Amino acid sequence: MTIDTLRFATAGSVDDGKSTLVGRLLYDSKSVLTDHLEAVEHVSRSRGQDAPDLALLTDGLRAEREQGITIDVAYRYFATARRRFILADTPGHVQYTRNMVTGASTADLAVVLVDARHGVVEQTRRHAAVAALLRVPHVVLAVNKMDLVDYAEPVFAKIAEEFTAYAGELGVPEITGIPISALAGDNVVEPSAHMDWYGGPTVLEHLETVPVSHDLTACDARLPVQYVIRPRSAAHPDYRGYAGQIAAGAFRVGEQVTVLPSGRTSTIEGIDALGEAVDLAHAPQSVTVRLRDDVDIARGDLIAPLSSAPALSQDVTALVCHVADQPLSVGQRVLLKHTTRTVKAIVKDIPSRLALDDLSHHPAPGRLVANDIGRVVVRTAEPLALDTYADSRRTGSFLLIDPADGTTLAAGMAEAAGAS
């Protein structure tokens, strides 16, 4: 039996208990190393706490421990008998929205925490909006600190109804509400004895059983070329292969393909994977493709089926999350990195900035600053074979980079491409 992997991110407002929930998951699932737990117990005792502060299992930065908050994205890897997990504990402060975007960009599921005493707040709506924009397929609403509201079912029901209505308007496809107390351990790994009115799964049980599809073969096939292999050895005097990781879909020997942006066509003569010749390869395998014709191909080119190749364009409209401290302005020259291809570009327009609290669009802001999410029109110096983010999270995303120092400016999600 193959054990699959679930990538998930936690998010929530400040002091909603994200790090405590993650710590409880790790602690109760026995996924904490002994020396790490001893260090946490030592710090907790030095603060006069009787029990270990489980939040310290993820708040690794000194500033995080001193302030009692999460600043950076903390990645943790753990496993149970049923599934492996890659967990991103993301910050709750508004000024760290970009960190949540980083953590949720590759997530299959997002856990949004809400303090049962405070209910849905602005930052809760912000995190739900980010999850929707990034097309995270599953969202868990974890109503935390139920012990502080006497485990009252009406409190949970009201919050779940409000959040579900808001997230549903955003287009979140699946929402699961779970009442928990991360501090006491209720409904995190073990079922709660205090909430017999709740008959659903615990957080860990849901994480172990939620259906997650990593089947990228349903998407149109895409192979960004990373390296051209030409050994020119006595054993392989004429070998020419195009190596890379298949970003989506599947390729077969004998299939007609096109190479973009040149538009040259050929037929797949062979596929090598892990040193063996195969007839079929699919995402996310790393392979070397051999073509029947001698085609001029270099790093950054894209191999795609002739029947379903993406359109070429030099005008890209996208939603971007600005992650740099320096602003992004109209007329600014940037580099656009898409898969293995990097091209020069210019920011033609910033039509709007998105207010995540009420999802309104503020027109013509002129620039975006750190943590802003806005719509941007970019003109590239060379044609790009870019899918829309709705069709493919992998080949529909890109980075905008400062050409002067290589700083990442913004993470983009392509919406549409205009004719070049």
# chains A, B, ... in the order shown; residues from 1 in each chain; ligands from 1
$ closest_atom_pairs --of "range 316-369 of chain A" --to "range 129-135 of chain A" --cutoff "12 Å" --atoms "only C-alpha atoms" --output "Markdown table"
| residue | atom | partner | partner_atom | distance |
| --- | --- | --- | --- | --- |
| A:Ala318 | CA | A:Leu133 | CA | 11.4 |
| A:Leu319 | CA | A:Leu133 | CA | 8.6 |
| A:Val320 | CA | A:Leu133 | CA | 10.0 |
| A:Cys321 | CA | A:Val130 | CA | 9.6 |
| A:Leu354 | CA | A:Ala129 | CA | 10.2 |
| A:Ala355 | CA | A:Ala129 | CA | 9.8 |
| A:Leu356 | CA | A:Ala129 | CA | 6.3 |
| A:Asp357 | CA | A:Ala129 | CA | 8.3 |
| A:Asp358 | CA | A:Ala129 | CA | 9.4 |
| A:Leu359 | CA | A:Ala129 | CA | 7.9 |
| A:Ser360 | CA | A:Ala129 | CA | 11.6 |
$ residues_around --residues "range 282-295 of chain A" --least-positions-apart "5" --cutoff "7 Å" --atoms "only C-alpha atoms" --output "ChimeraX atom specification"
/A:216-217,240-251,266-273
$ write_last_selection --atoms "C-alpha atoms" --output "compact mmCIF listing (two decimals), in the first residue's frame"
# COMPACT_ATOMS: atom_id res chain seq x y z
CA LEU A 216 -1.92 16.02 -12.58
CA THR A 217 -2.33 13.74 -15.58
CA ARG A 240 20.27 14.47 -27.68
CA GLY A 241 17.74 14.59 -24.84
CA TYR A 242 15.68 17.32 -23.23
CA ALA A 243 15.52 16.92 -19.47
CA GLY A 244 13.12 18.40 -16.93
CA GLN A 245 10.30 17.70 -14.51
CA ILE A 246 6.90 17.18 -16.11
CA ALA A 247 4.76 19.99 -14.68
CA ALA A 248 1.40 18.55 -15.73
CA GLY A 249 -0.17 15.81 -17.78
CA ALA A 250 1.46 12.81 -19.42
CA PHE A 251 3.63 12.19 -22.47
CA SER A 266 8.22 16.87 -33.84
CA THR A 267 7.35 13.43 -32.51
CA ILE A 268 8.51 11.85 -29.24
CA GLU A 269 10.94 9.11 -30.20
CA GLY A 270 11.83 8.02 -26.67
CA ILE A 271 11.43 8.83 -22.98
CA ASP A 272 14.09 8.00 -20.38
CA ALA A 273 13.22 7.93 -16.69
$ residues_around --residues "Pro201 in chain A" --least-positions-apart "3" --cutoff "12 Å" --atoms "only C-alpha atoms" --output "list in words"
Val140, Ala142, Thr176, Gly177, Ile178, Pro179, Ile180, Asp186, Asn187, Val188, Val189, Glu190, Pro191, Ser192, Tyr198, Leu204, Glu205, His206, Leu207, Glu208, Thr209 and Val210 of chain A
$ residues_around --residues "range 296-306 of chain A" --least-positions-apart "4" --cutoff "6 Å" --atoms "only C-alpha atoms" --output "JSON, numbers by chain"
{"A": [221, 222, 223, 224, 225, 226, 227, 256, 257, 258, 259, 260, 340, 341]}
$ residues_around --residues "range 407-416 of chain A" --least-positions-apart "2" --cutoff "9 Å" --atoms "only C-alpha atoms" --output "PyMOL selection string"
chain A and resi 101-102+133-134+315-328+334+370+376+386-390+393+396-405+418
$ select_by_dssp --residues "range 184-358 of chain A" --states "strand (DSSP E or B)" --output "ChimeraX atom specification"
/A:186,190,222-224,227-229,241-245,248,250-252,256-260,264-273,276-278,280-282,286-291,302-305,312-322,328-329,333-338,341-355
$ closest_residue --among "A:Met195, A:Thr97, A:Asp238, A:Gly171" --to "Asp372 in chain A" --atoms "only C-alpha atoms"
A:Thr97
$ closest_residue --among "A:Arg333, A:Glu162, A:Lys348, A:Thr20" --to "Arg125 in chain A" --atoms "only C-alpha atoms"
A:Glu162
$ atom_distance --atom1 "CA of Val112 in chain A" --atom2 "CA of Asn371 in chain A"
18.6 Å
$ closest_residue --among "A:Asp115, A:Asp220, A:Glu161, A:Glu122" --to "Val149 in chain A" --atoms "only C-alpha atoms"
A:Asp115
$ residues_around --residues "Trp197 in chain A" --least-positions-apart "2" --cutoff "10 Å" --atoms "only C-alpha atoms" --output "list in words"
Tyr151, Ala152, Glu153, Ala193, His194, Met195, Gly199 and Gly200 of chain A
$ write_last_selection --atoms "C-alpha atoms" --output "short mmCIF file (atom, residue, chain, number, x, y, z; two decimals), in the first residue's frame"
data_model
loop_
_atom_site.label_atom_id
_atom_site.label_comp_id
_atom_site.auth_asym_id
_atom_site.auth_seq_id
_atom_site.Cartn_x
_atom_site.Cartn_y
_atom_site.Cartn_z
CA TYR A 151 -18.02 23.89 24.93
CA ALA A 152 -21.32 25.45 23.85
CA GLU A 153 -22.73 24.05 20.59
CA ALA A 193 -15.36 14.06 26.06
CA HIS A 194 -16.82 17.56 26.51
CA MET A 195 -18.58 17.87 23.13
CA GLY A 199 -20.20 13.66 15.76
CA GLY A 200 -17.63 14.58 13.12
#
$ decode --residues "range 180-193 of chain A" --atoms "N, CA and C atoms" --output "compact mmCIF listing (two decimals), in the first residue's frame"
# COMPACT_ATOMS: atom_id res chain seq x y z
N ILE A 180 -12.75 22.69 18.51
CA ILE A 180 -11.57 22.13 19.18
C ILE A 180 -11.14 22.98 20.36
N SER A 181 -10.28 22.40 21.18
CA SER A 181 -9.47 23.14 22.14
C SER A 181 -8.05 22.63 21.98
N ALA A 182 -7.21 23.41 21.30
CA ALA A 182 -5.84 22.98 21.06
C ALA A 182 -5.07 22.83 22.35
N LEU A 183 -5.34 23.72 23.31
CA LEU A 183 -4.62 23.68 24.58
C LEU A 183 -4.95 22.42 25.36
N ALA A 184 -6.24 22.05 25.40
CA ALA A 184 -6.67 20.87 26.17
C ALA A 184 -6.63 19.59 25.35
N GLY A 185 -6.53 19.73 24.02
CA GLY A 185 -6.46 18.54 23.18
C GLY A 185 -7.79 18.03 22.68
N ASP A 186 -8.86 18.78 22.89
CA ASP A 186 -10.19 18.34 22.47
C ASP A 186 -10.30 18.33 20.94
N ASN A 187 -10.64 17.17 20.38
CA ASN A 187 -10.92 17.00 18.94
C ASN A 187 -9.74 17.37 18.04
N VAL A 188 -8.52 17.32 18.58
CA VAL A 188 -7.34 17.55 17.75
C VAL A 188 -6.83 16.20 17.23
N VAL A 189 -6.38 15.36 18.14
CA VAL A 189 -6.01 13.99 17.77
C VAL A 189 -7.03 13.01 18.35
N GLU A 190 -7.46 13.27 19.59
CA GLU A 190 -8.43 12.41 20.26
C GLU A 190 -9.79 13.11 20.33
N PRO A 191 -10.90 12.35 20.23
CA PRO A 191 -12.24 12.94 20.36
C PRO A 191 -12.44 13.55 21.74
N SER A 192 -13.23 14.61 21.77
CA SER A 192 -13.47 15.32 23.03
C SER A 192 -14.57 14.66 23.84
N ALA A 193 -14.33 14.55 25.14
CA ALA A 193 -15.36 14.06 26.06
C ALA A 193 -16.32 15.17 26.45
